[in-house]
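Undergrad: Here you go, one structure.
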Amino acid sequence: MEFEYVLLDENGEPFFSTFNEEELKFAMQFANANAEVWYYRENSKKPYKKEKYAKEI
C-alpha cells in the first residue's frame with residue numbers, strides 16, 4: 001500500500017501533494033487549506049481510500 005499527502009483548495013481540488021509528511025506540515029503553515037491522505041494499491045493510479053489529515057498538536 002502506498003499513500004500520498006494532499007492539500008485541497010477551498011473547492012476541494014488538490015493543489016499540492018507529497019509523499020513526505022514533513023513537507024506537508026511545512027506547506028500547511030503557509031496555506032489555509034484542508035489536507036487528506038490518499039491511499040493507493042500497488043500499481044494503481046486512483047486512490048481507493050481518502051482520509052482527512054489531522055495534524056498532531
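By convention here, the chains of the C-alpha cells are called A, B, ... in the order presented, each chain's residues are numbered starting at 1, and ligands are numbered starting at 1 in the order presented.
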Out of chain A, which residues get strand (DSSP E or B) from DSSP, as a PyMOL selection string?
TA: chain A and resi 2-8+14-18+34-40+49-52
Undergrad: Run DSSP on the backbone and grab whatever in chain A lands in alpha helix (DSSP H); send it over as a ChimeraX atom specification.
TA: /A:21-28
Undergrad: I'd like the interatomic distance between atom CA of Asn34 of chain A and atom CA of Lys50 of chain A, to a tenth of an Å.
TA: 12.5 Å
Undergrad: Name the residues in contact with segment 8-21 of chain A at a cut-off of 9 Å, using only C-alpha atoms, excluding same-chain residues fewer than 5 positions from it; report them as an MDAnalysis selection string.
TA: chainID A and resid 2:3 26:27 31:36
Undergrad: Could you work out how far atom CA of Met28 of chain A lies from atom CA of Arg41 of chain A, giving the answer in Å with one decimal?
TA: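 For atom CA of Arg41 of chain A relative to atom CA of Met28 of chain A, the distance reads 26.0 Å.
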Undergrad: Find, counting only C-alpha atoms, the residue in A:Trp38, A:Phe30, A:Lys45, A:Glu22 that gets nearest to Glu4 of chain A.
TA: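 Among the listed residues, A:Trp38 lies closest to Glu4 of chain A.
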